[in-house]
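Reproduced below: model.cif, with mmCIF, C-alpha atoms.
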data_data
loop_
_atom_site.group_PDB
_atom_site.id
_atom_site.type_symbol
_atom_site.label_atom_id
_atom_site.label_comp_id
_atom_site.auth_asym_id
_atom_site.auth_seq_id
_atom_site.Cartn_x
_atom_site.Cartn_y
_atom_site.Cartn_z
ATOM 1 C CA SER A 1 0.000 0.000 0.000
ATOM 2 C CA LEU A 2 1.163 3.506 -0.719
ATOM 3 C CA GLY A 3 2.143 5.567 2.266
ATOM 4 C CA GLN A 4 3.441 2.737 4.441
ATOM 5 C CA ALA A 5 7.211 3.158 4.052
ATOM 6 C CA LEU A 6 7.684 6.246 6.241
ATOM 7 C CA PRO A 7 5.611 4.865 9.137
ATOM 8 C CA ILE A 8 7.592 1.608 8.966
ATOM 9 C CA ALA A 9 10.859 3.572 8.934
ATOM 10 C CA VAL A 10 9.735 5.434 12.065
ATOM 11 C CA GLY A 11 9.286 2.036 13.715
ATOM 12 C CA TYR A 12 12.757 0.894 12.660
ATOM 13 C CA ALA A 13 14.307 4.135 13.969
ATOM 14 C CA MET A 14 12.482 3.769 17.275
ATOM 15 C CA GLY A 15 13.606 0.132 17.491
ATOM 16 C CA ALA A 16 17.228 1.144 16.976
ATOM 17 C CA ARG A 17 16.926 3.610 19.830
ATOM 18 C CA VAL A 18 15.383 1.008 22.160
ATOM 19 C CA ARG A 19 18.184 -1.450 21.323
ATOM 20 C CA LYS A 20 20.778 1.348 21.693
ATOM 21 C CA GLU A 21 22.048 0.710 18.171
ATOM 22 C CA ASN A 22 23.648 3.661 16.448
ATOM 23 C CA TYR A 23 22.611 3.336 12.830
ATOM 24 C CA ARG A 24 20.584 5.523 10.517
ATOM 25 C CA VAL A 25 17.305 4.517 8.864
ATOM 26 C CA PHE A 26 16.728 5.832 5.332
ATOM 27 C CA VAL A 27 13.413 5.754 3.521
ATOM 28 C CA MET A 28 12.511 7.086 0.087
ATOM 29 C CA ILE A 29 8.980 8.067 -0.788
ATOM 30 C CA GLY A 30 7.310 9.608 -3.813
ATOM 31 C CA ASP A 31 5.443 12.896 -3.842
ATOM 32 C CA GLY A 32 2.296 11.159 -5.071
ATOM 33 C CA GLU A 33 2.191 8.827 -2.087
ATOM 34 C CA PHE A 34 3.081 11.631 0.299
ATOM 35 C CA ASP A 35 -0.537 12.765 0.343
ATOM 36 C CA GLU A 36 -1.439 9.603 2.295
ATOM 37 C CA GLY A 37 -2.424 10.379 5.882
ATOM 38 C CA THR A 38 -0.101 7.795 7.421
ATOM 39 C CA ASN A 39 2.882 9.825 6.212
ATOM 40 C CA TRP A 40 1.696 12.903 8.084
ATOM 41 C CA GLU A 41 1.169 10.852 11.240
ATOM 42 C CA ALA A 42 4.693 9.467 10.809
ATOM 43 C CA LEU A 43 6.077 13.012 10.455
ATOM 44 C CA MET A 44 4.429 13.883 13.736
ATOM 45 C CA ALA A 45 5.786 10.764 15.480
ATOM 46 C CA GLY A 46 9.312 11.151 14.094
ATOM 47 C CA ALA A 47 9.546 14.691 15.433
ATOM 48 C CA HIS A 48 7.836 13.878 18.724
ATOM 49 C CA TYR A 49 10.308 11.078 19.486
ATOM 50 C CA LYS A 50 13.233 13.138 18.137
ATOM 51 C CA LEU A 51 14.400 10.376 15.825
ATOM 52 C CA ASN A 52 17.646 11.928 14.618
ATOM 53 C CA ASN A 53 18.587 8.538 13.162
ATOM 54 C CA LEU A 54 15.756 8.813 10.615
ATOM 55 C CA VAL A 55 16.124 10.285 7.125
ATOM 56 C CA CYS A 56 13.216 10.518 4.702
ATOM 57 C CA ILE A 57 14.008 11.324 1.076
ATOM 58 C CA LEU A 58 11.107 12.657 -0.966
ATOM 59 C CA ASP A 59 11.405 12.003 -4.716
ATOM 60 C CA LYS A 60 9.616 15.156 -5.816
ATOM 61 C CA ASN A 61 9.138 14.617 -9.531
ATOM 62 C CA GLN A 62 5.696 16.270 -9.491
ATOM 63 C CA LEU A 63 3.917 13.378 -11.200
ATOM 64 C CA GLN A 64 1.838 10.514 -9.912
ATOM 65 C CA MET A 65 -0.186 7.708 -11.468
ATOM 66 C CA THR A 66 -3.155 9.833 -12.470
ATOM 67 C CA GLY A 67 -1.522 13.168 -13.307
ATOM 68 C CA PRO A 68 0.481 16.072 -11.941
ATOM 69 C CA THR A 69 0.813 15.976 -8.153
ATOM 70 C CA GLU A 70 -0.108 19.664 -7.969
ATOM 71 C CA GLN A 71 -3.529 18.905 -9.509
ATOM 72 C CA ILE A 72 -4.219 15.609 -7.691
ATOM 73 C CA MET A 73 -3.199 16.708 -4.170
ATOM 74 C CA ASN A 74 -0.813 19.634 -3.909
ATOM 75 C CA ILE A 75 1.750 19.063 -1.140
ATOM 76 C CA ASP A 76 3.466 22.437 -1.520
ATOM 77 C CA PRO A 77 4.942 24.239 0.221
ATOM 78 C CA VAL A 78 6.244 20.863 1.413
ATOM 79 C CA ALA A 79 9.399 22.205 3.088
ATOM 80 C CA ASP A 80 7.376 24.603 5.233
ATOM 81 C CA LYS A 81 4.904 21.893 6.176
ATOM 82 C CA VAL A 82 7.607 19.396 7.154
ATOM 83 C CA ARG A 83 9.474 22.047 9.169
ATOM 84 C CA ALA A 84 6.214 22.840 10.957
ATOM 85 C CA PHE A 85 6.126 19.207 12.076
ATOM 86 C CA GLY A 86 9.597 19.686 13.598
ATOM 87 C CA TRP A 87 11.920 18.072 11.047
ATOM 88 C CA ASN A 88 15.206 19.353 9.629
ATOM 89 C CA VAL A 89 14.785 19.963 5.905
ATOM 90 C CA ILE A 90 17.444 19.728 3.218
ATOM 91 C CA ASN A 91 16.558 20.679 -0.349
ATOM 92 C CA ILE A 92 18.254 19.186 -3.401
ATOM 93 C CA GLU A 93 17.646 21.470 -6.349
ATOM 94 C CA ASP A 94 18.482 18.763 -8.934
ATOM 95 C CA GLY A 95 17.989 15.288 -7.521
ATOM 96 C CA ASN A 96 19.142 13.792 -10.809
ATOM 97 C CA ASP A 97 22.623 15.211 -10.145
ATOM 98 C CA MET A 98 24.475 12.742 -7.912
ATOM 99 C CA ALA A 99 26.950 15.403 -6.757
ATOM 100 C CA GLN A 100 24.024 17.363 -5.287
ATOM 101 C CA VAL A 101 22.603 14.195 -3.723
ATOM 102 C CA CYS A 102 25.965 13.387 -2.085
ATOM 103 C CA ALA A 103 26.306 16.984 -0.859
ATOM 104 C CA ALA A 104 22.886 16.729 0.794
ATOM 105 C CA LEU A 105 23.796 13.457 2.493
ATOM 106 C CA GLU A 106 26.973 15.050 3.824
ATOM 107 C CA GLN A 107 24.788 17.621 5.638
ATOM 108 C CA LEU A 108 23.093 14.970 7.782
ATOM 109 C CA PRO A 109 23.396 15.685 11.492
ATOM 110 C CA GLU A 110 24.934 13.383 14.051
ATOM 111 C CA ARG A 111 22.891 10.239 14.677
ATOM 112 C CA ASP A 112 23.750 9.461 18.282
ATOM 113 C CA TYR A 113 20.696 7.734 19.781
ATOM 114 C CA GLU A 114 21.399 9.358 23.141
ATOM 115 C CA LYS A 115 21.301 12.881 21.695
ATOM 116 C CA ARG A 116 17.710 13.226 20.670
ATOM 117 C CA SER A 117 17.010 15.826 18.019
ATOM 118 C CA ALA A 118 14.928 16.268 14.903
ATOM 119 C CA PRO A 119 14.813 13.736 12.070
ATOM 120 C CA THR A 120 15.839 14.882 8.588
ATOM 121 C CA PHE A 121 13.655 15.242 5.504
ATOM 122 C CA ILE A 122 15.411 15.621 2.143
ATOM 123 C CA ILE A 123 13.425 17.035 -0.751
ATOM 124 C CA SER A 124 14.981 15.740 -3.954
ATOM 125 C CA ASN A 125 13.568 17.617 -6.939
ATOM 126 C CA THR A 126 13.813 15.196 -9.833
ATOM 127 C CA VAL A 127 12.651 14.707 -13.405
ATOM 128 C CA LYS A 128 10.607 11.551 -13.884
ATOM 129 C CA GLY A 129 12.116 9.451 -16.669
ATOM 130 C CA LYS A 130 15.315 11.519 -16.758
ATOM 131 C CA GLY A 131 17.617 10.516 -19.591
ATOM 132 C CA VAL A 132 14.968 9.099 -21.917
ATOM 133 C CA SER A 133 13.596 11.884 -24.095
ATOM 134 C CA PHE A 134 10.120 10.499 -24.671
ATOM 135 C CA MET A 135 9.670 9.503 -21.016
ATOM 136 C CA GLU A 136 10.837 12.688 -19.274
ATOM 137 C CA ASN A 137 8.000 14.365 -17.346
ATOM 138 C CA ASN A 138 5.494 12.122 -19.110
ATOM 139 C CA VAL A 139 2.850 10.726 -16.756
ATOM 140 C CA ALA A 140 1.939 8.095 -19.352
ATOM 141 C CA TRP A 141 5.102 6.208 -18.328
ATOM 142 C CA HIS A 142 4.278 6.144 -14.623
ATOM 143 C CA GLY A 143 3.734 2.589 -13.478
ATOM 144 C CA HIS A 144 4.851 0.609 -16.503
ATOM 145 C CA PRO A 145 8.137 -0.053 -18.282
ATOM 146 C CA PRO A 146 8.906 0.485 -21.946
ATOM 147 C CA VAL A 147 8.617 -2.627 -24.136
ATOM 148 C CA GLY A 148 9.457 -3.463 -27.743
ATOM 149 C CA GLU A 149 10.638 -0.509 -29.804
ATOM 150 C CA ASP A 150 10.182 1.845 -26.860
ATOM 151 C CA TYR A 151 12.551 -0.304 -24.800
ATOM 152 C CA ILE A 152 15.141 -0.337 -27.585
ATOM 153 C CA LYS A 153 14.975 3.435 -27.980
ATOM 154 C CA ALA A 154 15.089 4.055 -24.205
ATOM 155 C CA ARG A 155 18.038 1.717 -23.746
ATOM 156 C CA ALA A 156 19.949 3.359 -26.601
ATOM 157 C CA GLU A 157 19.449 6.819 -25.066
ATOM 158 C CA LEU A 158 20.592 5.646 -21.639
ATOM 159 C CA VAL A 159 23.648 3.864 -23.035
ATOM 160 C CA ALA A 160 24.583 6.990 -25.000
ATOM 161 C CA HIS A 161 24.234 9.048 -21.821
ATOM 162 C CA LEU A 162 26.441 6.614 -19.862
ATOM 163 C CA ASN A 163 29.067 6.674 -22.599
ATOM 164 C CA GLU A 164 29.022 10.464 -22.485
ATOM 165 C CA LEU A 165 29.550 10.403 -18.702
ATOM 166 C CA GLU A 166 32.420 7.941 -19.013
ATOM 167 C CA GLY A 167 34.081 10.240 -21.561
ATOM 168 C CA LYS A 168 34.161 13.143 -19.093
#

Could you spell out this file's structure in structure tokens?
Amino acid sequence: SLGQALPIAVGYAMGARVRKENYRVFVMIGDGEFDEGTNWEALMAGAHYKLNNLVCILDKNQLQMTGPTEQIMNIDPVADKVRAFGWNVINIEDGNDMAQVCAALEQLPERDYEKRSAPTFIISNTVKGKGVSFMENNVAWHGHPPVGEDYIKARAELVAHLNELEGK
């Protein structure tokens, strides 16, 4: 079911604290599923219990199964809303750029289970279908893979992109 990953991650982070284990729990969710109520309850719980070992990454590509997220259930201004729940917020302007993703992860606060503080919420602004021209920002490709000629074309574009990266 959509909307279950963040609540489960809250449970894992709480379990780590109870067992006095010093590891971090990461969870990635989509902006379409973020409108599920269980996510908002999990935000409240994560902040209440000061789960600084919890990191939620929101893949904010602005599309979901039935259309643009803004039209289905607008979550913006998501950073303000998450901060209001008591979380640290880190914004990645281009979540398709791994250097920006790594820089955001380097900003994560200490995760000592004895030092209780706010969990972290990373907003990763991405382009759905990045790297495949006919799939980029196209809701028609949400929920199913390319097959046949579409697969061949998509694969060729991705291979060309990888070859370009290797050449740099």

Problem - Hits from the PyMOL selection byres ((chain A and resi 35) around 10), listed as a PyMOL selection string - result: chain A and resi 2-3+30-34+36-40+69+72-75

Exercise for the section: Between CA of Arg116 (chain A) and CA of Leu51 (chain A), measure the distance and give it in Å to one decimal. Expected result: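 Between these atoms lies a distance of 6.5 Å.
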
Handout entry: Of the listed residues A:Ala99, A:Ala84, A:Ala13, A:Ala118, that which approaches Ala47 (chain A) most closely, counting only C-alpha atoms
Key = A:Ala118

Practice task
In the coordinates of the file, take the point (21.0, 21.9, -6.5) and a cut-off of 12 Å; then, counting only C-alpha atoms, name each qualifying protein, DNA or RNA residue as an NGL selection string.
Solution key: :A and (90-104 or 123-126)

Practice task
Identify all residues satisfying the PyMOL selection byres ((chain A and resi 24-27) around 12) in the given file; provide them as number ranges by chain.
Solution key: A: 3-17, 20-23, 28-30, 39, 42, 46, 51-59, 105, 108-113, 119-122

Practice task
State, in Å with one decimal place, the distance from CA of Val82 (chain A) to CA of Arg19 (chain A).
Solution key: 27.3 Å

Exercise for the section: On this file, the PyMOL selection byres ((chain A and resi 143) around 12) gives some set of residues; write that set as a list of chain:residue names. Expected result: A:Leu63, A:Gln64, A:Met65, A:Thr66, A:Gly67, A:Lys128, A:Gly129, A:Met135, A:Asn138, A:Val139, A:Ala140, A:Trp141, A:His142, A:His144, A:Pro145, A:Pro146

Practice task
Kindly give the distance, in Å, that separates CA of Asp150 (chain A) and CA of Gly167 (chain A), rounded to a single decimal.
Solution key: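 About the pair CA of Asp150 (chain A) and CA of Gly167 (chain A): they are 25.9 Å apart.
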
How big is the axis-aligned box around all listed atoms of region 148-156 of chain A once 3 Å goes on each side, and where's its centre, in Å to one decimal, as lines of an AutoDock Vina configuration file?
center_x = 14.7
center_y = 0.3
center_z = -26.8
size_x = 16.5
size_y = 13.5
size_z = 12.1
